[in-house]
file protein_11.cif (mmCIF, C-alpha atoms)
data_my_file
#
loop_
_atom_site.label_atom_id
_atom_site.label_comp_id
_atom_site.auth_asym_id
_atom_site.auth_seq_id
_atom_site.Cartn_x
_atom_site.Cartn_y
_atom_site.Cartn_z
CA MET W 177 134.60 128.02 108.04
CA VAL W 178 134.52 131.40 106.26
CA LYS W 179 130.75 131.72 106.70
CA ARG W 180 131.12 131.74 110.46
CA ILE W 181 133.78 134.44 110.54
CA HIS W 182 133.12 136.97 107.77
CA ALA W 183 130.45 139.02 109.58
CA GLY W 184 132.69 139.17 112.65
CA ARG W 185 135.63 140.35 110.55
CA ALA W 186 133.51 143.19 109.17
CA ALA W 187 132.59 144.27 112.71
CA GLU W 188 136.23 143.97 113.75
CA SER W 189 137.30 146.21 110.87
CA GLY W 190 134.75 148.84 111.86
CA ILE W 191 135.97 148.90 115.45
CA ILE W 192 139.62 149.07 114.40
CA ALA W 193 138.82 151.93 112.00
CA ALA W 194 137.11 153.87 114.80
CA TYR W 195 140.09 153.41 117.14
CA LEU W 196 142.53 154.44 114.41
CA ALA W 197 140.49 157.55 113.58
CA ALA W 198 140.40 158.50 117.26
CA GLU W 199 144.21 158.36 117.28
CA GLY W 200 144.47 160.66 114.27
CA PHE W 201 144.97 158.02 111.57
CA THR W 202 144.03 159.43 108.15
CA GLY W 203 143.12 158.07 104.74
CA PRO W 204 142.15 159.40 101.29
CA SER W 205 139.41 162.03 101.47
CA SER W 206 137.86 160.68 98.25
CA VAL W 207 137.57 157.07 99.42
CA LEU W 208 133.95 156.90 98.22
CA GLU W 209 133.76 159.02 95.07
CA GLY W 210 137.40 159.08 93.93
CA GLU W 211 138.95 157.58 90.80
CA TYR W 212 139.83 154.43 92.74
CA GLY W 213 137.15 154.82 95.36
CA PHE W 214 134.41 152.49 96.57
CA CYS W 215 131.80 153.62 94.04
CA LYS W 216 133.93 152.95 90.95
CA VAL W 217 135.23 149.68 92.30
CA PHE W 218 131.72 148.31 92.67
CA SER W 219 129.94 149.98 89.73
CA SER W 220 130.75 150.76 86.11
CA ALA W 221 128.32 153.71 86.25
CA PRO W 222 128.45 155.07 89.81
CA GLU W 223 126.26 157.93 91.02
CA PRO W 224 128.17 159.27 94.03
CA GLU W 225 125.84 162.27 94.28
CA ARG W 226 123.22 159.91 95.65
CA LEU W 227 125.32 159.61 98.81
CA LEU W 228 124.21 163.12 99.77
CA ARG W 229 120.57 162.72 98.79
CA ARG W 230 118.10 162.04 101.56
CA PRO W 231 115.83 159.12 100.75
CA GLU W 232 112.15 159.71 100.08
CA GLY W 233 111.27 157.00 102.56
CA ALA W 234 113.30 155.12 105.14
CA TYR W 235 117.02 154.49 104.90
CA ALA W 236 117.85 151.00 103.63
CA ILE W 237 119.57 150.20 106.94
CA GLU W 238 116.13 150.38 108.56
CA GLU W 239 114.91 147.58 106.29
CA THR W 240 116.64 144.92 108.33
CA THR W 241 115.48 141.35 108.77
CA ARG W 242 115.85 139.86 112.25
CA LYS W 243 116.05 136.10 111.96
CA PRO W 244 113.92 134.04 114.35
CA TYR W 245 115.48 130.78 113.13
CA ALA W 246 119.14 129.69 113.05
CA CYS W 247 119.21 129.00 109.32
CA CYS W 248 119.38 130.69 105.92
CA SER W 249 116.69 133.37 105.66
CA ASP W 250 115.45 131.84 102.39
CA LEU W 251 114.10 128.93 104.46
CA HIS W 252 112.14 131.03 106.93
CA ALA W 253 108.90 131.40 104.96
CA GLY W 254 108.79 127.62 104.60
CA ILE W 255 109.23 127.17 108.35
CA ASP W 256 106.37 129.63 108.91
CA CYS W 257 104.23 127.61 106.48
CA ILE W 258 104.76 124.39 108.43
CA ALA W 259 104.09 126.17 111.72
CA ASP W 260 100.82 127.48 110.27
CA ILE W 261 99.82 124.01 109.07
CA ARG W 262 100.65 122.45 112.44
CA ARG W 263 98.59 125.11 114.25
CA LYS W 264 95.56 124.34 112.11
CA ALA W 265 95.77 120.55 112.05
CA ASP W 266 97.16 117.72 114.15
CA VAL W 267 99.64 116.40 111.58
CA ASP W 268 101.33 113.04 112.08
CA PRO W 269 104.64 113.36 110.16
CA GLU W 270 104.73 109.60 109.67
CA LYS W 271 101.53 109.87 107.60
CA VAL W 272 102.84 112.56 105.24
CA ALA W 273 102.99 111.14 101.72
CA ARG W 274 104.56 114.12 99.96
CA ILE W 275 105.55 117.74 100.58
CA VAL W 276 105.60 120.13 97.62
CA ILE W 277 107.38 123.46 98.10
CA HIS W 278 106.58 126.25 95.65
CA CYS W 279 109.21 129.00 95.75
CA TYR W 280 111.72 130.98 93.64
CA GLU W 281 114.67 129.90 91.52
CA LYS W 282 117.44 130.90 93.93
CA LEU W 283 116.05 128.64 96.65
CA VAL W 284 115.72 125.70 94.23
CA ARG W 285 119.21 126.24 92.83
CA GLN W 286 121.13 126.80 96.06
CA ASN W 287 119.13 125.36 98.95
CA THR W 288 118.19 121.84 97.89
CA LEU W 289 121.42 120.34 99.21
CA ASP W 290 121.79 117.30 101.45
CA GLY W 291 121.15 118.58 104.96
CA THR W 292 122.75 115.56 106.63
CA ALA W 293 126.28 116.41 105.41
CA SER W 294 127.04 118.89 108.23
CA ILE W 295 125.47 121.46 110.56
CA MET W 296 126.16 124.15 107.96
CA ALA W 297 124.51 122.06 105.22
CA ALA W 298 121.45 121.54 107.42
CA GLN W 299 121.16 125.29 107.97
CA TYR W 300 121.02 125.83 104.20
CA SER W 301 118.91 122.81 103.23
CA ILE W 302 115.23 123.45 102.53
CA THR W 303 114.46 119.72 102.47
CA PHE W 304 116.06 119.00 105.85
CA THR W 305 114.67 122.14 107.47
CA ILE W 306 111.09 121.59 106.34
CA ALA W 307 111.21 117.95 107.48
CA ALA W 308 112.68 118.99 110.85
CA ALA W 309 109.92 121.59 111.27
CA PHE W 310 107.37 118.77 111.61
CA TYR W 311 109.19 117.43 114.67
CA HIS W 312 110.82 120.43 116.34
CA ASP W 313 110.34 124.03 117.44
CA MET W 314 112.56 125.74 114.87
CA SER W 315 113.05 128.80 117.08
CA ASP W 316 115.40 126.64 119.17
CA PRO W 317 118.89 126.75 117.57
CA ARG W 318 119.61 123.32 119.03
CA VAL W 319 117.58 121.89 116.16
CA TYR W 320 120.73 122.29 114.10
CA CYS W 321 122.91 119.83 115.97
CA ALA W 322 124.39 116.42 115.19
CA ASP W 323 121.72 114.39 117.00
CA VAL W 324 118.84 115.99 115.09
CA ILE W 325 120.69 115.81 111.77
CA ALA W 326 121.16 112.06 112.34
CA ASP W 327 117.45 111.48 113.13
CA PRO W 328 116.22 108.85 110.62
CA ARG W 329 112.64 110.16 110.83
CA ILE W 330 113.73 113.53 109.44
CA ALA W 331 115.84 111.86 106.74
CA ARG W 332 112.87 109.76 105.61
CA LEU W 333 110.54 112.76 105.49
CA ALA W 334 113.12 114.90 103.67
CA GLU W 335 113.17 112.33 100.87
CA ARG W 336 109.47 113.06 100.27
CA VAL W 337 110.03 116.80 99.74
CA GLU W 338 109.78 118.27 96.23
CA VAL W 339 110.87 121.84 95.45
CA ARG W 340 109.44 123.73 92.47
CA VAL W 341 109.91 127.20 91.00
CA ASP W 342 106.76 129.34 90.95
CA PRO W 343 107.12 132.14 88.34
CA GLU W 344 104.98 134.52 90.42
CA PHE W 345 107.14 133.97 93.49
CA ASP W 346 110.31 134.26 91.38
CA ALA W 347 109.18 137.73 90.28
CA LEU W 348 108.88 138.85 93.91
CA TYR W 349 112.42 137.80 94.87
CA PRO W 350 114.60 139.25 96.43
CA SER W 351 112.45 141.97 98.01
CA LYS W 352 110.21 139.13 99.18
CA MET W 353 111.09 135.49 99.82
CA PRO W 354 107.70 133.82 99.31
CA THR W 355 106.87 130.15 99.76
CA ARG W 356 103.78 127.98 99.48
CA ILE W 357 103.78 124.44 100.81
CA ASP W 358 101.33 121.65 100.02
CA VAL W 359 101.41 118.73 102.43
CA GLU W 360 99.78 115.63 100.98
CA MET W 361 98.71 113.12 103.62
CA SER W 362 98.52 109.35 103.08
CA ASP W 363 94.70 109.53 103.21
CA GLY W 364 94.67 111.98 100.28
CA LYS W 365 94.03 115.13 102.30
CA VAL W 366 96.10 118.16 101.27
CA LEU W 367 97.11 120.84 103.78
CA THR W 368 98.34 124.15 102.35
CA ALA W 369 99.95 127.31 103.71
CA GLN W 370 101.49 130.33 102.00
CA VAL W 371 103.81 133.01 103.38
CA ILE W 372 104.94 136.00 101.31
CA GLY W 373 106.92 137.81 104.00
CA ALA W 374 108.44 135.57 106.67
CA LYS W 375 108.31 136.51 110.34
CA GLY W 376 111.22 138.83 111.09
CA HIS W 377 111.15 140.56 107.67
CA PHE W 378 111.06 144.34 108.11
CA GLU W 379 107.47 144.35 106.81
CA ASN W 380 106.55 141.60 109.30
CA PRO W 381 108.91 142.39 112.18
CA LEU W 382 109.50 140.52 115.39
CA SER W 383 107.88 142.15 118.39
CA ALA W 384 109.98 143.36 121.32
CA GLY W 385 108.78 140.31 123.27
CA GLU W 386 109.84 137.94 120.47
CA ILE W 387 113.29 139.55 120.28
CA GLU W 388 113.67 139.19 124.04
CA ALA W 389 112.57 135.54 123.85
CA LYS W 390 115.18 134.90 121.16
CA PHE W 391 117.91 136.45 123.29
CA ARG W 392 116.90 134.36 126.31
CA ASN W 393 116.95 131.23 124.17
CA LEU W 394 120.39 131.97 122.73
CA ALA W 395 121.88 133.01 126.07
CA ASP W 396 120.61 129.91 127.90
CA GLY W 397 123.65 127.94 129.10
CA ILE W 398 126.03 130.78 128.24
CA LEU W 399 124.93 133.58 130.59
CA SER W 400 123.42 133.17 134.03
CA PRO W 401 119.71 134.06 134.49
CA SER W 402 120.66 137.22 136.38
CA GLN W 403 123.03 138.24 133.58
CA VAL W 404 120.28 137.71 131.01
CA ASP W 405 117.83 139.84 132.99
CA GLY W 406 120.48 142.48 133.54
CA ALA W 407 121.40 142.64 129.85
CA ILE W 408 117.76 143.06 128.84
CA ALA W 409 117.31 145.84 131.40
CA ALA W 410 120.52 147.56 130.28
CA VAL W 411 119.50 147.48 126.62
CA SER W 412 116.12 148.97 127.45
CA GLU W 413 117.89 151.93 129.07
CA LEU W 414 120.61 152.47 126.46
CA ASP W 415 119.13 155.74 125.18
CA SER W 416 119.67 157.39 128.56
CA ALA W 417 122.78 155.47 129.70
CA ASP W 418 126.03 157.34 130.32
CA SER W 419 128.13 154.34 129.29
CA LEU W 420 127.98 150.69 128.26
CA ARG W 421 129.51 149.43 131.51
CA ASP W 422 126.27 147.97 132.90
CA LEU W 423 125.56 146.12 129.67
CA LEU W 424 129.10 144.82 129.26
CA ALA W 425 129.10 143.54 132.85
CA CYS W 426 126.12 141.36 131.98
CA VAL W 427 127.49 139.68 128.86
CA VAL W 428 130.68 138.08 130.17
CA PRO W 429 129.97 134.35 129.70
CA ALA W 430 129.40 132.35 132.86
CA PRO W 431 131.54 129.21 133.45
CA MET W 432 130.12 126.19 131.64
CA GLY W 433 130.44 122.55 132.54
CA GLY W 434 129.95 119.16 131.00
CA GLY W 435 130.70 120.26 127.46
CA GLU W 436 127.40 122.10 127.29
CA ARG W 437 127.16 124.39 124.27
CA ARG W 438 124.55 125.70 121.90
CA ALA W 439 124.24 124.69 118.29
CA GLN W 440 126.28 126.84 115.94
CA VAL W 441 124.13 129.77 114.81
#
call {"tool": "encode", "arguments": {"input": "protein_11.cif", "output": "structure tokens"}}
result
Amino acid sequence: MVKRIHAGRAAESGIIAAYLAAEGFTGPSSVLEGEYGFCKVFSSAPEPERLLRRPEGAYAIEETTRKPYACCSDLHAGIDCIADIRRKADVDPEKVARIVIHCYEKLVRQNTLDGTASIMAAQYSITFTIAAAFYHDMSDPRVYCADVIADPRIARLAERVEVRVDPEFDALYPSKMPTRIDVEMSDGKVLTAQVIGAKGHFENPLSAGEIEAKFRNLADGILSPSQVDGAIAAVSELDSADSLRDLLACVVPAPMGGGERRAQV
């Protein structure tokens, strides 16, 4: 359960720190560069002077990936490959003889787990995710739910997935997460697609329209349509807004019935 909570705890700590600072709470002035500061804790040879140096290019915080799919980002290039193949050819998943995924060592070592074990396992499984991509729109987070995980068609196709390390791709990781997929059909035809930078990577960013579409998809069943529209409008005007009241008024969840809920994302 830690995976679901740790990002939220980091955000919580930041908010608490801001409130404490506003009330006059103090801490060590050398928290970064001091003898027991952040830099020395995380490095045996820290260079704290770099904290004051402006970067030659963009700040690293600007190199942010926005995920279009509700799964581990290492799987995204593979999803894009299958989407590309499906756009170019009418592929019957039942006639796929073998799927060969060429990628980097980390993905082979950590992401070839059994995706049917749990929702979390499915979100980290390259074999499950690639098989599911033949049957579903992976931009919908509801792909990662119990009914889809139990689909025998996906399980059968996942068994025909092979994952191999490509030395050239391994050399590009982690700045890039490249994948090439060869889909061998039962009639001998081979369909191939390659993606070096998945959609959503800072070098291949989501458009404003794609980000809005993702928000609408995630908010469906949680916020009312008017709340969704209001939140989008409020975000578009944040630079000139006097406060966050209009935005916050739009993101209070609407009452839900019938046990309706999104997949965990």
call {"tool": "resolve_selection", "arguments": {"input": "protein_11.cif", "expression": "the PyMOL selection byres ((chain W and resi 400-405) around 9)", "output": "PyMOL selection string"}}
result
chain W and resi 391-392+395-399+406-410+425-430
call {"tool": "resolve_selection", "arguments": {"input": "protein_11.cif", "expression": "the PyMOL selection byres ((chain W and resi 366) around 10)", "output": "ChimeraX atom specification"}}
result
/W:272-275,357-365,367-368
call {"tool": "resolve_selection", "arguments": {"input": "protein_11.cif", "expression": "the PyMOL selection byres ((chain W and resi 285-291) around 7)", "output": "VMD selection string"}}
result
chain W and resid 281 to 284 292 to 294 297 to 298 300 to 304
call {"tool": "atom_distance", "arguments": {"input": "protein_11.cif", "atom1": "CA of Pro350 (chain W)", "atom2": "CA of Tyr245 (chain W)"}}
result
18.7 Å
call {"tool": "residues_around", "arguments": {"input": "protein_11.cif", "residues": "Ala331 (chain W)", "least_positions_apart": "3", "cutoff": "9 Å", "atoms": "only C-alpha atoms", "output": "PyMOL selection string"}}
result
chain W and resi 291-292+304+307-308+325-328+334-335
call {"tool": "atom_distance", "arguments": {"input": "protein_11.cif", "atom1": "CA of Glu344 (chain W)", "atom2": "CA of Cys279 (chain W)"}}
result
8.8 Å
call {"tool": "atom_distance", "arguments": {"input": "protein_11.cif", "atom1": "CA of Cys257 (chain W)", "atom2": "CA of Asp323 (chain W)"}}
result
24.3 Å
call {"tool": "closest_residue", "arguments": {"input": "protein_11.cif", "among": "W:Ile277, W:Ala221, W:Ala369, W:Val319", "to": "Ala259 (chain W)", "atoms": "all atoms listed in the file"}}
result
W:Ala369
call {"tool": "closest_residue", "arguments": {"input": "protein_11.cif", "among": "W:Val339, W:Ile181, W:Ala193, W:Ile372", "to": "Lys352 (chain W)", "atoms": "only C-alpha atoms"}}
result
W:Ile372
call {"tool": "closest_residue", "arguments": {"input": "protein_11.cif", "among": "W:Val178, W:Val276, W:Leu196, W:Cys215", "to": "Arg340 (chain W)", "atoms": "only C-alpha atoms"}}
result
W:Val276
call {"tool": "closest_residue", "arguments": {"input": "protein_11.cif", "among": "W:Ala374, W:Leu423, W:Ala384, W:Leu228", "to": "Asp260 (chain W)", "atoms": "only C-alpha atoms"}}
result
W:Ala374
call {"tool": "closest_residue", "arguments": {"input": "protein_11.cif", "among": "W:Glu386, W:Asp346, W:Asp418, W:Glu209", "to": "Tyr280 (chain W)", "atoms": "only C-alpha atoms"}}
result
W:Asp346
call {"tool": "axis_aligned_box", "arguments": {"input": "protein_11.cif", "around": "region 410-424 of chain W", "padding_each_side": "6 Å", "output": "JSON"}}
result
{"center_x": 122.8, "center_y": 151.1, "center_z": 129.0, "size_x": 25.4, "size_y": 24.6, "size_z": 19.7}
call {"tool": "residues_around", "arguments": {"input": "protein_11.cif", "residues": "Pro204 (chain W)", "least_positions_apart": "6", "cutoff": "12 Å", "atoms": "only C-alpha atoms", "output": "list in words"}}
result
Gly210, Glu211, Tyr212, Gly213 and Phe214 of chain W
call {"tool": "decode", "arguments": {"input": "protein_11.cif", "residues": "region 263-274 of chain W", "atoms": "N, CA and C atoms", "output": "mmCIF file, in the first residue's frame"}}
result
data_model
loop_
_atom_site.group_PDB
_atom_site.id
_atom_site.type_symbol
_atom_site.label_atom_id
_atom_site.label_comp_id
_atom_site.auth_asym_id
_atom_site.auth_seq_id
_atom_site.Cartn_x
_atom_site.Cartn_y
_atom_site.Cartn_z
ATOM 1 N N ARG W 263 -3.125 1.354 -35.464
ATOM 2 C CA ARG W 263 -3.545 2.414 -36.405
ATOM 3 C C ARG W 263 -3.238 2.031 -37.842
ATOM 4 N N LYS W 264 -2.137 1.311 -38.028
ATOM 5 C CA LYS W 264 -1.676 0.993 -39.379
ATOM 6 C C LYS W 264 -2.272 -0.290 -39.940
ATOM 7 N N ALA W 265 -2.751 -1.163 -39.063
ATOM 8 C CA ALA W 265 -3.258 -2.454 -39.533
ATOM 9 C C ALA W 265 -4.429 -2.907 -38.662
ATOM 10 N N ASP W 266 -5.350 -3.620 -39.270
ATOM 11 C CA ASP W 266 -6.487 -4.182 -38.543
ATOM 12 C C ASP W 266 -6.037 -5.518 -37.957
ATOM 13 N N VAL W 267 -5.568 -5.468 -36.700
ATOM 14 C CA VAL W 267 -4.966 -6.645 -36.074
ATOM 15 C C VAL W 267 -5.997 -7.394 -35.246
ATOM 16 N N ASP W 268 -6.160 -8.676 -35.555
ATOM 17 C CA ASP W 268 -7.005 -9.552 -34.746
ATOM 18 C C ASP W 268 -6.130 -10.163 -33.660
ATOM 19 N N PRO W 269 -6.310 -9.789 -32.381
ATOM 20 C CA PRO W 269 -5.443 -10.315 -31.319
ATOM 21 C C PRO W 269 -5.442 -11.831 -31.230
ATOM 22 N N GLU W 270 -6.547 -12.453 -31.647
ATOM 23 C CA GLU W 270 -6.624 -13.911 -31.580
ATOM 24 C C GLU W 270 -5.716 -14.583 -32.614
ATOM 25 N N LYS W 271 -5.237 -13.802 -33.573
ATOM 26 C CA LYS W 271 -4.350 -14.355 -34.612
ATOM 27 C C LYS W 271 -2.895 -13.929 -34.418
ATOM 28 N N VAL W 272 -2.580 -13.409 -33.248
ATOM 29 C CA VAL W 272 -1.201 -13.043 -32.925
ATOM 30 C C VAL W 272 -0.479 -14.287 -32.416
ATOM 31 N N ALA W 273 0.592 -14.667 -33.105
ATOM 32 C CA ALA W 273 1.341 -15.862 -32.721
ATOM 33 C C ALA W 273 2.372 -15.567 -31.639
ATOM 34 N N ARG W 274 3.011 -14.389 -31.745
ATOM 35 C CA ARG W 274 4.063 -14.053 -30.779
ATOM 36 C C ARG W 274 4.282 -12.543 -30.784
#
